[in-house]
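Heads up, input.txt below (compact mmCIF, C-alpha atoms and all ligand atoms):
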# COMPACT_ATOMS: atom_id res chain seq x y z
CA MET N 1 -2.84 23.37 32.85
CA ALA N 2 0.42 24.78 31.62
CA VAL N 3 1.99 24.46 28.24
CA THR N 4 5.74 24.57 28.38
CA GLY N 5 7.76 27.00 26.30
CA SER N 6 9.56 24.19 24.54
CA CYS N 7 6.30 22.94 23.15
CA VAL N 8 5.03 26.04 21.43
CA GLN N 9 7.71 28.28 20.10
CA ILE N 10 6.55 31.54 18.62
CA THR N 11 9.57 33.66 17.91
CA TYR N 12 9.66 37.24 16.65
CA ARG N 13 11.94 36.06 13.89
CA CYS N 14 9.29 33.68 12.75
CA LEU N 15 6.53 36.30 12.82
CA PHE N 16 8.67 38.78 10.90
CA LYS N 17 9.03 36.29 8.08
CA MET N 18 5.28 36.03 7.70
CA SER N 19 4.11 38.35 5.04
CA THR N 20 0.57 37.42 4.25
CA VAL N 21 -2.57 36.73 6.24
CA GLU N 22 -2.72 33.30 4.64
CA GLU N 23 0.72 32.39 5.97
CA LEU N 24 -0.22 33.61 9.44
CA LYS N 25 -3.41 31.55 9.37
CA LEU N 26 -1.39 28.51 8.40
CA ARG N 27 1.06 29.12 11.22
CA VAL N 28 -1.83 29.38 13.69
CA ARG N 29 -3.13 26.01 12.50
CA GLU N 30 0.30 24.47 12.88
CA LEU N 31 0.58 25.85 16.39
CA GLU N 32 -2.87 24.59 17.32
CA ASN N 33 -1.76 21.20 16.17
CA GLU N 34 1.40 21.44 18.28
CA LEU N 35 -0.66 22.49 21.27
CA ILE N 36 -2.91 19.44 21.05
CA LYS N 37 0.13 17.18 20.80
CA CYS N 38 1.65 18.83 23.89
CA LYS N 39 -1.58 18.55 25.85
CA GLN N 40 -1.72 14.87 25.09
CA LYS N 41 1.86 14.41 26.22
CA THR N 42 1.88 16.55 29.35
CA ASP N 43 -1.60 17.26 30.56
CA PRO N 44 -3.14 14.70 32.89
CA GLU N 45 -6.53 16.33 32.33
CA THR N 46 -6.74 15.37 28.69
CA PRO N 47 -9.44 17.34 26.80
CA ALA N 48 -12.81 15.66 26.76
CA HIS N 49 -12.68 14.87 23.02
CA VAL N 50 -9.41 12.96 23.35
CA ARG N 51 -9.62 9.67 25.17
CA THR N 52 -6.92 8.56 27.59
CA LYS N 53 -4.49 5.80 26.76
CA ILE N 54 -5.48 2.20 27.40
CA GLU N 55 -2.72 0.05 28.88
CA GLU N 56 -4.02 -3.33 27.84
CA MET N 57 -6.43 -4.40 25.11
CA SER N 58 -9.46 -6.03 26.67
CA ALA N 59 -12.31 -8.08 25.25
CA GLU N 60 -14.76 -6.72 27.79
CA VAL N 61 -18.04 -5.86 26.10
CA VAL N 62 -18.79 -2.36 27.37
CA ASP N 63 -19.64 0.75 25.37
CA SER N 64 -16.46 2.47 26.52
CA ASN N 65 -14.08 -0.20 25.20
CA PRO N 66 -12.78 0.78 21.71
CA TYR N 67 -11.30 -2.69 21.21
CA SER N 68 -14.25 -4.94 22.15
CA ARG N 69 -15.34 -5.52 18.54
CA LEU N 70 -11.81 -6.20 17.36
CA MET N 71 -11.12 -8.59 20.22
CA ALA N 72 -14.36 -10.40 19.30
CA LEU N 73 -12.46 -11.77 16.29
CA LYS N 74 -10.85 -14.17 18.76
CA ARG N 75 -14.18 -15.40 20.08
CA MET N 76 -15.34 -15.89 16.48
CA GLY N 77 -12.32 -18.07 15.83
CA ILE N 78 -10.80 -15.78 13.15
CA VAL N 79 -7.70 -14.57 14.99
CA LYS N 80 -5.79 -16.43 17.70
CA SER N 81 -4.30 -13.43 19.43
CA TYR N 82 -5.67 -10.08 18.28
CA GLU N 83 -3.79 -8.14 20.96
CA LYS N 84 -0.56 -9.01 19.13
CA ILE N 85 -1.43 -6.13 16.78
CA ARG N 86 0.05 -3.81 19.38
CA SER N 87 3.51 -5.33 18.94
CA PHE N 88 3.75 -4.37 15.24
CA THR N 89 5.19 -1.34 13.48
CA VAL N 90 4.05 -0.36 9.99
CA ALA N 91 5.58 2.37 7.82
CA VAL N 92 3.24 4.11 5.39
CA VAL N 93 4.97 5.96 2.57
CA GLY N 94 2.64 8.43 0.89
CA VAL N 95 -0.26 9.82 2.92
CA GLY N 96 -2.59 10.64 0.01
CA GLY N 97 -5.91 9.14 -1.06
CA VAL N 98 -4.86 5.55 -0.29
CA GLY N 99 -2.17 6.14 2.39
CA SER N 100 -4.28 8.34 4.68
CA VAL N 101 -7.18 5.86 4.72
CA THR N 102 -4.71 3.01 5.23
CA ALA N 103 -3.17 4.84 8.20
CA GLU N 104 -6.61 5.52 9.66
CA MET N 105 -7.67 1.87 9.39
CA LEU N 106 -4.46 0.69 11.05
CA THR N 107 -4.88 3.30 13.79
CA ARG N 108 -8.44 2.18 14.46
CA CYS N 109 -7.29 -1.44 14.49
CA GLY N 110 -4.82 -0.53 17.27
CA ILE N 111 -1.49 -1.02 15.48
CA GLY N 112 1.53 -0.53 17.78
CA LYS N 113 3.44 2.09 15.84
CA LEU N 114 2.95 3.99 12.59
CA LEU N 115 5.67 5.77 10.65
CA LEU N 116 4.31 8.24 8.11
CA PHE N 117 6.35 9.65 5.22
CA ASP N 118 5.11 12.37 2.84
CA TYR N 119 6.31 15.77 1.66
CA ASP N 120 3.04 17.14 0.32
CA LYS N 121 0.57 19.58 1.82
CA VAL N 122 -3.18 19.12 2.16
CA GLU N 123 -5.01 20.93 -0.66
CA LEU N 124 -8.65 21.66 -1.36
CA ALA N 125 -8.16 19.66 -4.57
CA ASN N 126 -7.79 16.57 -2.32
CA MET N 127 -11.28 16.92 -0.85
CA ASN N 128 -12.84 14.43 -3.29
CA ARG N 129 -10.99 11.79 -1.28
CA LEU N 130 -11.52 10.49 2.24
CA PHE N 131 -9.76 11.48 5.46
CA PHE N 132 -8.50 15.09 5.17
CA GLN N 133 -10.79 18.04 5.86
CA PRO N 134 -10.97 21.53 4.33
CA HIS N 135 -9.71 23.27 7.50
CA GLN N 136 -6.46 21.29 7.18
CA ALA N 137 -5.62 22.82 3.79
CA GLY N 138 -2.08 24.13 3.82
CA LEU N 139 -0.87 21.84 6.62
CA SER N 140 1.68 19.17 5.84
CA LYS N 141 -0.10 15.87 5.19
CA VAL N 142 1.89 13.97 7.81
CA GLU N 143 1.23 16.56 10.48
CA ALA N 144 -2.48 16.88 9.74
CA ALA N 145 -2.75 13.08 9.62
CA GLU N 146 -0.92 12.62 12.91
CA HIS N 147 -3.25 15.10 14.61
CA THR N 148 -6.40 13.32 13.41
CA LEU N 149 -5.06 9.84 14.07
CA ARG N 150 -3.82 10.69 17.56
CA CYS N 151 -7.31 11.90 18.47
CA ILE N 152 -8.82 8.67 17.11
CA ASN N 153 -6.44 6.39 18.98
CA PRO N 154 -3.81 7.79 21.36
CA ASP N 155 -2.50 4.26 22.07
CA VAL N 156 -0.68 4.22 18.73
CA VAL N 157 2.89 5.56 18.65
CA PHE N 158 3.37 7.97 15.72
CA GLU N 159 6.54 9.02 13.97
CA THR N 160 6.20 11.43 11.05
CA HIS N 161 8.68 12.54 8.39
CA ASN N 162 7.80 15.49 6.22
CA TYR N 163 10.22 14.94 3.34
CA ASN N 164 10.66 13.47 -0.12
CA ILE N 165 12.30 10.05 0.22
CA THR N 166 13.86 10.20 -3.25
CA THR N 167 16.56 12.82 -2.53
CA VAL N 168 19.95 11.38 -1.54
CA ASP N 169 20.04 12.63 2.07
CA ASN N 170 16.42 11.82 2.77
CA PHE N 171 16.81 8.37 1.24
CA THR N 172 19.63 7.57 3.68
CA HIS N 173 17.50 8.77 6.59
CA PHE N 174 14.50 6.83 5.26
CA MET N 175 16.58 3.61 5.10
CA ASP N 176 17.75 4.25 8.66
CA ARG N 177 14.20 4.68 9.99
CA ILE N 178 12.99 1.53 8.18
CA SER N 179 15.80 -0.49 9.77
CA ASN N 180 15.64 1.11 13.23
CA GLY N 181 12.21 2.69 13.66
CA GLY N 182 10.40 -0.33 15.15
CA LEU N 183 8.47 -0.10 18.41
CA GLU N 184 11.72 -0.91 20.13
CA GLU N 185 14.25 1.59 18.75
CA GLY N 186 16.94 -0.23 16.76
CA LYS N 187 14.57 -2.91 15.46
CA PRO N 188 13.24 -2.76 11.86
CA VAL N 189 9.61 -2.04 11.02
CA ASP N 190 7.48 -5.16 10.50
CA LEU N 191 6.01 -4.03 7.21
CA LEU N 192 6.29 -1.13 4.82
CA LEU N 193 3.34 0.04 2.72
CA SER N 194 3.85 1.97 -0.48
CA CYS N 195 0.94 4.31 -1.08
CA VAL N 196 2.79 6.74 -3.32
CA ASP N 197 1.49 8.13 -6.60
CA ASN N 198 4.68 8.29 -8.61
CA PHE N 199 7.15 5.97 -10.17
CA GLU N 200 10.32 7.52 -8.73
CA ALA N 201 9.17 7.02 -5.13
CA ARG N 202 8.11 3.42 -5.87
CA MET N 203 11.56 2.70 -7.26
CA ALA N 204 13.20 4.27 -4.17
CA ILE N 205 11.08 2.03 -1.91
CA ASN N 206 11.91 -1.01 -4.03
CA THR N 207 15.63 -0.27 -3.85
CA ALA N 208 15.53 0.27 -0.07
CA CYS N 209 13.50 -2.89 0.59
CA ASN N 210 15.64 -5.05 -1.71
CA GLU N 211 18.75 -3.87 0.09
CA LEU N 212 17.31 -4.33 3.58
CA GLY N 213 15.35 -7.51 2.83
CA GLN N 214 12.28 -5.64 4.08
CA VAL N 215 8.86 -7.16 3.34
CA TRP N 216 6.54 -4.56 1.82
CA MET N 217 3.24 -4.11 0.09
CA GLU N 218 2.75 -1.94 -2.94
CA SER N 219 -0.55 -0.31 -3.83
CA GLY N 220 -1.70 1.77 -6.74
CA VAL N 221 -4.68 3.31 -8.42
CA SER N 222 -4.73 3.94 -12.16
CA GLU N 223 -4.69 7.43 -13.68
CA ASN N 224 -8.27 6.98 -14.90
CA ALA N 225 -9.42 6.17 -11.33
CA VAL N 226 -11.22 2.93 -12.16
CA SER N 227 -8.65 0.24 -11.41
CA GLY N 228 -6.07 -0.48 -8.77
CA HIS N 229 -4.00 -3.21 -7.20
CA ILE N 230 -2.09 -4.34 -4.17
CA GLN N 231 1.03 -6.52 -4.22
CA LEU N 232 3.01 -8.23 -1.46
CA ILE N 233 6.74 -8.21 -2.06
CA ASN N 234 8.99 -10.46 -0.04
CA PRO N 235 12.51 -9.75 -1.39
CA GLY N 236 14.06 -12.91 -2.80
CA GLU N 237 10.77 -14.81 -2.91
CA THR N 238 8.33 -12.80 -5.00
CA ALA N 239 8.94 -10.50 -7.93
CA CYS N 240 10.34 -7.16 -6.88
CA PHE N 241 8.90 -4.03 -8.36
CA ALA N 242 11.92 -3.01 -10.39
CA VAL N 243 10.99 -1.54 -13.72
CA ARG N 244 11.31 -2.99 -17.14
CA THR N 245 12.90 -0.65 -19.63
CA ILE N 246 13.88 -1.25 -23.22
CA PHE N 247 17.39 -2.28 -22.17
CA VAL N 248 16.95 -3.83 -18.76
CA TRP N 249 14.60 -6.58 -17.70
CA GLN N 250 13.87 -6.72 -14.01
CA CYS N 251 11.32 -8.53 -11.89
CA ALA N 252 7.88 -7.12 -12.62
CA PRO N 253 6.27 -4.21 -14.35
CA PRO N 254 4.67 -1.49 -12.25
CA LEU N 255 1.08 -0.30 -12.61
CA VAL N 256 2.00 2.21 -15.25
CA VAL N 257 5.22 2.19 -17.13
CA ALA N 258 6.81 5.40 -18.20
CA THR N 259 8.88 4.78 -21.28
CA ASN N 260 11.60 6.94 -22.73
CA ILE N 261 10.33 10.20 -21.30
CA ASP N 262 10.88 11.86 -17.97
CA GLU N 263 7.91 11.35 -15.69
CA LYS N 264 7.95 14.99 -14.68
CA THR N 265 7.10 16.08 -18.21
CA LEU N 266 3.91 14.04 -17.97
CA LYS N 267 2.55 16.29 -15.25
CA LYS N 268 1.50 19.28 -17.27
CA ASP N 269 -0.18 22.39 -15.91
CA GLY N 270 -3.94 22.11 -15.97
CA VAL N 271 -3.82 18.35 -16.53
CA CYS N 272 -4.30 15.98 -13.65
CA ALA N 273 -5.05 12.33 -13.07
CA ALA N 274 -8.62 11.43 -12.17
CA SER N 275 -9.35 10.06 -8.71
CA LEU N 276 -12.37 8.60 -6.94
CA PRO N 277 -12.80 8.12 -3.19
CA THR N 278 -14.50 4.80 -3.97
CA THR N 279 -11.61 3.17 -5.83
CA MET N 280 -9.08 4.58 -3.37
CA GLY N 281 -11.17 3.35 -0.45
CA VAL N 282 -11.44 -0.14 -1.98
CA VAL N 283 -7.68 -0.31 -2.59
CA ALA N 284 -6.91 0.93 0.95
CA GLY N 285 -9.39 -1.64 2.26
CA ILE N 286 -7.87 -4.62 0.45
CA LEU N 287 -4.40 -3.37 1.37
CA VAL N 288 -5.10 -3.18 5.11
CA GLN N 289 -7.03 -6.46 4.97
CA ASN N 290 -3.88 -8.07 3.57
CA VAL N 291 -1.77 -6.35 6.25
CA LEU N 292 -3.98 -7.72 9.04
CA LYS N 293 -3.93 -11.23 7.55
CA TYR N 294 -0.17 -11.07 7.13
CA LEU N 295 0.56 -9.72 10.62
CA LEU N 296 -2.03 -11.64 12.62
CA GLY N 297 -1.79 -14.88 10.62
CA PHE N 298 -5.31 -15.57 9.40
CA GLY N 299 -6.85 -16.33 6.01
CA THR N 300 -4.89 -16.36 2.78
CA VAL N 301 -2.45 -13.54 2.23
CA SER N 302 -2.64 -12.18 -1.35
CA TYR N 303 0.54 -11.75 -3.35
CA TYR N 304 -1.21 -9.72 -6.00
CA LEU N 305 -4.80 -8.61 -6.05
CA GLY N 306 -6.11 -6.32 -8.76
CA TYR N 307 -9.39 -4.42 -8.87
CA ASN N 308 -11.10 -3.36 -12.05
CA ALA N 309 -14.09 -1.21 -11.16
CA MET N 310 -15.52 -1.22 -14.71
CA GLU N 311 -16.14 -4.97 -14.63
CA ASP N 312 -15.97 -5.64 -10.87
CA PHE N 313 -13.11 -7.95 -11.64
CA PHE N 314 -10.50 -8.94 -9.03
CA PRO N 315 -7.57 -10.77 -10.69
CA SER N 316 -5.09 -12.40 -8.35
CA MET N 317 -1.75 -14.11 -8.97
CA THR N 318 1.72 -14.74 -7.61
CA MET N 319 4.82 -13.51 -9.40
CA LYS N 320 8.11 -15.23 -8.60
CA ALA N 321 11.34 -13.25 -8.48
CA ASN N 322 13.30 -13.15 -11.72
CA ALA N 323 16.79 -14.69 -11.44
CA GLN N 324 17.99 -12.20 -14.08
CA CYS N 325 16.66 -9.14 -12.25
CA SER N 326 19.11 -6.30 -12.73
CA ASP N 327 18.83 -5.17 -9.10
CA MET N 328 21.85 -6.85 -7.46
CA HIS N 329 20.20 -6.77 -4.04
CA CYS N 330 17.16 -8.57 -5.46
CA ARG N 331 19.45 -11.32 -6.83
CA ARG N 332 21.30 -11.54 -3.48
CA GLN N 333 17.99 -11.87 -1.61
CA GLN N 334 16.96 -14.62 -4.05
CA GLU N 335 20.15 -16.57 -3.24
CA GLU N 336 19.51 -16.20 0.48
CA HIS N 337 15.89 -17.22 0.04
CA LYS N 338 16.93 -20.37 -1.88
CA LYS N 339 19.42 -21.27 0.85
CA LYS N 340 16.78 -20.85 3.55
CA ALA N 341 14.25 -22.86 1.54
CA THR N 342 16.64 -25.85 1.23
CA GLU N 343 17.54 -25.65 4.93
CA HIS N 344 13.90 -25.51 6.01
CA PRO N 345 11.72 -27.09 3.31
CA LYS N 346 8.04 -26.21 3.46
CA GLN N 347 5.73 -28.95 4.74
CA GLU N 348 3.12 -29.97 2.18
CA VAL N 349 -0.32 -29.26 3.54
CA VAL N 350 -2.75 -32.04 2.67
CA GLU N 351 -6.17 -30.52 2.05
CA GLU N 352 -9.09 -32.41 3.43
CA GLU N 353 -11.83 -33.21 0.97
CA GLU N 354 -14.84 -31.00 1.44
CA GLU N 355 -17.99 -32.67 2.55
CA VAL N 356 -20.83 -32.62 0.00
CA VAL N 357 -23.52 -30.49 1.59
CA HIS N 358 -26.36 -30.93 -0.89
CA GLU N 359 -26.37 -34.27 -2.63
CA ASP N 360 -29.76 -34.02 -4.28
CA ASN N 361 -30.34 -31.02 -6.49
CA GLU N 362 -34.05 -30.46 -6.36
CA TRP N 363 -33.94 -27.14 -8.22
CA GLY N 364 -31.41 -28.19 -10.83
CA ILE N 365 -28.98 -25.45 -9.89
CA GLU N 366 -25.79 -25.55 -11.94
CA VAL N 367 -22.51 -23.82 -11.19
CA VAL N 368 -21.10 -22.11 -14.26
CA ASP N 369 -17.67 -20.60 -14.74
CA GLU N 370 -17.87 -17.12 -13.38
CA VAL N 371 -15.54 -15.56 -15.90
CA THR N 372 -15.12 -16.58 -19.53
CA GLU N 373 -11.95 -15.98 -21.54
CA ASP N 374 -13.64 -13.18 -23.49
CA GLU N 375 -14.82 -11.55 -20.30
CA LEU N 376 -11.32 -11.79 -18.91
CA GLN N 377 -10.01 -9.90 -21.91
CA ALA N 378 -12.81 -7.39 -21.80
CA ALA N 379 -12.10 -6.83 -18.12
CA SER N 380 -8.92 -5.10 -19.11
CA GLY N 381 -11.25 -2.25 -19.86
CA PRO N 382 -11.17 0.40 -22.51
CA LYS N 383 -7.77 1.89 -23.14
CA PRO N 384 -7.69 5.13 -21.18
CA ASP N 385 -6.51 8.34 -22.79
CA LEU N 386 -3.12 8.69 -21.15
CA PRO N 387 -0.22 11.01 -21.86
CA GLU N 388 2.38 9.72 -24.31
CA GLY N 389 4.63 7.04 -22.86
CA ILE N 390 2.23 5.79 -20.18
CA ILE N 391 1.00 2.23 -20.53
CA PRO N 392 -1.64 1.06 -18.05
CA ILE N 393 -0.92 -2.46 -16.81
CA TYR N 394 -4.57 -3.45 -17.03
CA THR N 395 -4.69 -3.19 -20.79
CA ILE N 396 -3.10 -5.87 -22.88
CA PRO N 397 0.51 -4.88 -23.57
CA PRO N 398 1.68 -4.59 -27.16
CA GLU N 399 3.08 -7.74 -28.73
CA LYS N 400 6.75 -6.77 -28.58
CA VAL N 401 6.59 -6.17 -24.82
CA ARG N 402 5.00 -9.52 -24.15
CA GLU N 403 7.60 -11.51 -26.01
CA SER N 404 9.86 -13.74 -23.99
CA PRO N 405 11.74 -16.77 -25.39
CA GLU N 406 9.27 -19.26 -23.86
CA ASP N 407 6.22 -17.47 -25.18
CA MET N 408 7.32 -17.12 -28.80
CA VAL N 409 5.37 -19.13 -31.33
CA GLU N 410 6.39 -19.27 -34.96
CA GLU N 411 3.86 -17.66 -37.23
CA THR N 412 2.75 -19.61 -40.25
CA GLU N 413 0.87 -18.93 -43.48
CA GLN N 414 -0.88 -22.32 -43.36
CA SER N 415 -4.59 -22.54 -42.74
CA LEU N 416 -6.06 -24.38 -39.78
CA GLU N 417 -7.24 -27.23 -42.02
CA GLU N 418 -3.74 -27.68 -43.43
CA LEU N 419 -2.27 -27.78 -39.95
CA MET N 420 -4.87 -30.33 -38.80
CA ALA N 421 -4.07 -32.50 -41.79
CA GLN N 422 -0.38 -32.35 -40.91
CA MET N 423 -1.09 -33.34 -37.33
CA LYS N 424 -3.12 -36.36 -38.44
CA LYS N 425 -0.20 -37.57 -40.48
CA MET N 426 2.10 -37.50 -37.41
ZN ZN N 501 13.97 -8.02 -8.71

Please re-express this file's structure in structure tokens.
Amino acid sequence: MAVTGSCVQITYRCLFKMSTVEELKLRVRELENELIKCKQKTDPETPAHVRTKIEEMSAEVVDSNPYSRLMALKRMGIVKSYEKIRSFTVAVVGVGGVGSVTAEMLTRCGIGKLLLFDYDKVELANMNRLFFQPHQAGLSKVEAAEHTLRCINPDVVFETHNYNITTVDNFTHFMDRISNGGLEEGKPVDLLLSCVDNFEARMAINTACNELGQVWMESGVSENAVSGHIQLINPGETACFAVRTIFVWQCAPPLVVATNIDEKTLKKDGVCAASLPTTMGVVAGILVQNVLKYLLGFGTVSYYLGYNAMEDFFPSMTMKANAQCSDMHCRRQQEEHKKKATEHPKQEVVEEEEEVVHEDNEWGIEVVDEVTEDELQAASGPKPDLPEGIIPIYTIPPEKVRESPEDMVEETEQSLEELMAQMKKM
């Protein structure tokens, strides 16, 4: 077993630069990671803990088949062709509490290719979340993630980018990889998943996807760790993510809206957002569930699904694109979408009436509305203590933000009785 020089490059120059034991330890970890990658690429005698690649997904029920339980979805009548999963490429932007778990689920499901983007390093402060382990502290998140994921499923093709997508140069490269980084080089990715934790990166993803017409899913967890959401964005069809500011109205508000102040000033020393592995795991779960339904064509794909842990409340809705959105690419995509829709109108699906299963009701069981109006309001939860300028989307927005010409109702001094009397006269 030989490891080629090109794989592991330890140069004197590099060692000279190292000044502390910590830095040397980190370098050793990076090199170990490199070594494993090289072994997997070049060594026919793959180490015992890493399984060999599997050419074709099989439904054979044997203990050694990692796909037997996934392929069983076909036998159960859920998915027509599960093996199609191998033909898809998904880009995950942000490999933190939600993104890492998302990437792991997709890897275990046997996705064809994963592109991972993140510029952060693994820290011990991340250990309240799933996926990363203490010994990976100091490694870049994408590199540590690739190492773990490759061991879990070497059939997946990985492409990692350790950079911040919001800088000008990186943004250009990011756009290029989204349009050309598919399984077959030159083809776009099938889906992009936003698992970032900041507004700037979300806006960069929104801009890129609007321009490229790239379908993507957004995910987020609130600063107080007890609510989250996922959202499917098909440029031109559903509301894009573009922000609403005082002067500009765009498609839809994001999870939290920073108003007037620079987001960076919100991140003060010694102050951090709360996070729970539970909420992040739930959000990653509903995100990947939606990805599987979207890619493999089963069930109902959610356009927006919220999760409020305080009330166990899952609001869902669809938001149409706004014709007045200030993102010109969003408006262009809307025009194209309209054109396509008139050329190929959707066929109305006639729903068959459900058969009544229990006609007699021996026990007098009644179905009541699960959620009352008051409960719906209460489900918005208590207003969390957030830094100035941050408005959580799950609390009811102040009156002036909610106003739109259609919604406005004239206020009146008259009592209800007076109004009723007026109506009777009509
Ligand atoms: Zn828009």

| said: Can you tell me which residues surround stretch 108-125 of chain N at a distance of at most 6 Å, considering all atoms listed in the file, apart from same-chain residues fewer than 6 positions away, and format the answer as a PyMOL selection string? | reply: chain N and resi 85-95+137-141+156-164

Keeping C-alpha atoms for every residue in the selection just given, could you write it to a file as an mmCIF file, in the coordinates of the input?
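The new file again-v1.cif reads:
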data_model
loop_
_atom_site.group_PDB
_atom_site.id
_atom_site.type_symbol
_atom_site.label_atom_id
_atom_site.label_comp_id
_atom_site.auth_asym_id
_atom_site.auth_seq_id
_atom_site.Cartn_x
_atom_site.Cartn_y
_atom_site.Cartn_z
ATOM 1 C CA ILE N 85 -1.430 -6.130 16.780
ATOM 2 C CA ARG N 86 0.050 -3.810 19.380
ATOM 3 C CA SER N 87 3.510 -5.330 18.940
ATOM 4 C CA PHE N 88 3.750 -4.370 15.240
ATOM 5 C CA THR N 89 5.190 -1.340 13.480
ATOM 6 C CA VAL N 90 4.050 -0.360 9.990
ATOM 7 C CA ALA N 91 5.580 2.370 7.820
ATOM 8 C CA VAL N 92 3.240 4.110 5.390
ATOM 9 C CA VAL N 93 4.970 5.960 2.570
ATOM 10 C CA GLY N 94 2.640 8.430 0.890
ATOM 11 C CA VAL N 95 -0.260 9.820 2.920
ATOM 12 C CA ALA N 137 -5.620 22.820 3.790
ATOM 13 C CA GLY N 138 -2.080 24.130 3.820
ATOM 14 C CA LEU N 139 -0.870 21.840 6.620
ATOM 15 C CA SER N 140 1.680 19.170 5.840
ATOM 16 C CA LYS N 141 -0.100 15.870 5.190
ATOM 17 C CA VAL N 156 -0.680 4.220 18.730
ATOM 18 C CA VAL N 157 2.890 5.560 18.650
ATOM 19 C CA PHE N 158 3.370 7.970 15.720
ATOM 20 C CA GLU N 159 6.540 9.020 13.970
ATOM 21 C CA THR N 160 6.200 11.430 11.050
ATOM 22 C CA HIS N 161 8.680 12.540 8.390
ATOM 23 C CA ASN N 162 7.800 15.490 6.220
ATOM 24 C CA TYR N 163 10.220 14.940 3.340
ATOM 25 C CA ASN N 164 10.660 13.470 -0.120
#

As a quick test: using only C-alpha atoms and all ligand atoms, which residues lie no more than 9 Å away from ligand ZN 501 (chain N)? Give them as a PDB file with C-alpha atoms, keeping the file's coordinate frame.
ATOM      1  CA  ASN N 206      11.910  -1.010  -4.030  1.00  0.00           C
ATOM      2  CA  ASN N 210      15.640  -5.050  -1.710  1.00  0.00           C
ATOM      3  CA  PRO N 235      12.510  -9.750  -1.390  1.00  0.00           C
ATOM      4  CA  GLY N 236      14.060 -12.910  -2.800  1.00  0.00           C
ATOM      5  CA  THR N 238       8.330 -12.800  -5.000  1.00  0.00           C
ATOM      6  CA  ALA N 239       8.940 -10.500  -7.930  1.00  0.00           C
ATOM      7  CA  CYS N 240      10.340  -7.160  -6.880  1.00  0.00           C
ATOM      8  CA  PHE N 241       8.900  -4.030  -8.360  1.00  0.00           C
ATOM      9  CA  ALA N 242      11.920  -3.010 -10.390  1.00  0.00           C
ATOM     10  CA  VAL N 243      10.990  -1.540 -13.720  1.00  0.00           C
ATOM     11  CA  GLN N 250      13.870  -6.720 -14.010  1.00  0.00           C
ATOM     12  CA  CYS N 251      11.320  -8.530 -11.890  1.00  0.00           C
ATOM     13  CA  ALA N 252       7.880  -7.120 -12.620  1.00  0.00           C
ATOM     14  CA  ALA N 321      11.340 -13.250  -8.480  1.00  0.00           C
ATOM     15  CA  ASN N 322      13.300 -13.150 -11.720  1.00  0.00           C
ATOM     16  CA  ALA N 323      16.790 -14.690 -11.440  1.00  0.00           C
ATOM     17  CA  GLN N 324      17.990 -12.200 -14.080  1.00  0.00           C
ATOM     18  CA  CYS N 325      16.660  -9.140 -12.250  1.00  0.00           C
ATOM     19  CA  SER N 326      19.110  -6.300 -12.730  1.00  0.00           C
ATOM     20  CA  ASP N 327      18.830  -5.170  -9.100  1.00  0.00           C
ATOM     21  CA  MET N 328      21.850  -6.850  -7.460  1.00  0.00           C
ATOM     22  CA  HIS N 329      20.200  -6.770  -4.040  1.00  0.00           C
ATOM     23  CA  CYS N 330      17.160  -8.570  -5.460  1.00  0.00           C
ATOM     24  CA  ARG N 331      19.450 -11.320  -6.830  1.00  0.00           C
ATOM     25  CA  GLN N 334      16.960 -14.620  -4.050  1.00  0.00           C
TER      26      GLN N 334
END

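Among the candidates N:Met105, N:Ala145, N:Ile165, N:Ala274, the one nearest to N:Val291 when counting only C-alpha atoms is N:Met105.
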
Using only the atoms of stretch 329-333 of chain N listed in the file, plus 8 Å on each side, state the axis-aligned box centre and edge lengths in Å rounded to one decimal, as lines of an AutoDock Vina configuration file.
center_x = 19.2
center_y = -9.3
center_z = -4.2
size_x = 20.1
size_y = 21.1
size_z = 21.2

| Atomic distance atom CA of N:Arg177 - atom CA of N:Gly228, expressed in Å with one decimal |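 These atoms are spaced 28.1 Å apart.
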
| field | N:Gly281 surroundings by only C-alpha atoms, 9 Å radius, close-in-sequence under 6 positions cut, as JSON, numbers by chain | value | {"N": [97, 98, 101, 102, 129, 130]}

| stretch 301-317 of chain N: which residues within 7 Å, counting all atoms listed in the file, same-chain residues fewer than 6 positions away excluded, as a PyMOL selection string? | chain N and resi 226-232+290+293-294+379+381

Just write the chosen residues, C-alpha atoms, as a compact mmCIF listing (two decimals), in the frame of the given file.
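Just written: again_21.txt:
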# COMPACT_ATOMS: atom_id res chain seq x y z
CA VAL N 226 -11.22 2.93 -12.16
CA SER N 227 -8.65 0.24 -11.41
CA GLY N 228 -6.07 -0.48 -8.77
CA HIS N 229 -4.00 -3.21 -7.20
CA ILE N 230 -2.09 -4.34 -4.17
CA GLN N 231 1.03 -6.52 -4.22
CA LEU N 232 3.01 -8.23 -1.46
CA ASN N 290 -3.88 -8.07 3.57
CA LYS N 293 -3.93 -11.23 7.55
CA TYR N 294 -0.17 -11.07 7.13
CA ALA N 379 -12.10 -6.83 -18.12
CA GLY N 381 -11.25 -2.25 -19.86

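Distances here use all atoms listed in the file; by that measure, the residue among N:Gly99, N:Leu106, N:Glu335, N:Gly182 closest to N:Phe131 is N:Gly99.
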
| query | Pick the closest to N:Leu35 from N:His147, N:Ile178, N:Val215, N:Cys272: which is it, counting all atoms listed in the file? | reply |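 Residue with the minimum atom-to-atom distance to N:Leu35: N:His147.
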
| For the atom pair atom CA of N:Ala144 and atom CA of N:Ser100, what is the interatomic distance in Å to one decimal place? | 10.1 Å

| request: Quote the spacing between atom CA of N:Gln214 and atom CA of N:Asp190 in Å to one decimal place. | output: 8.0 Å
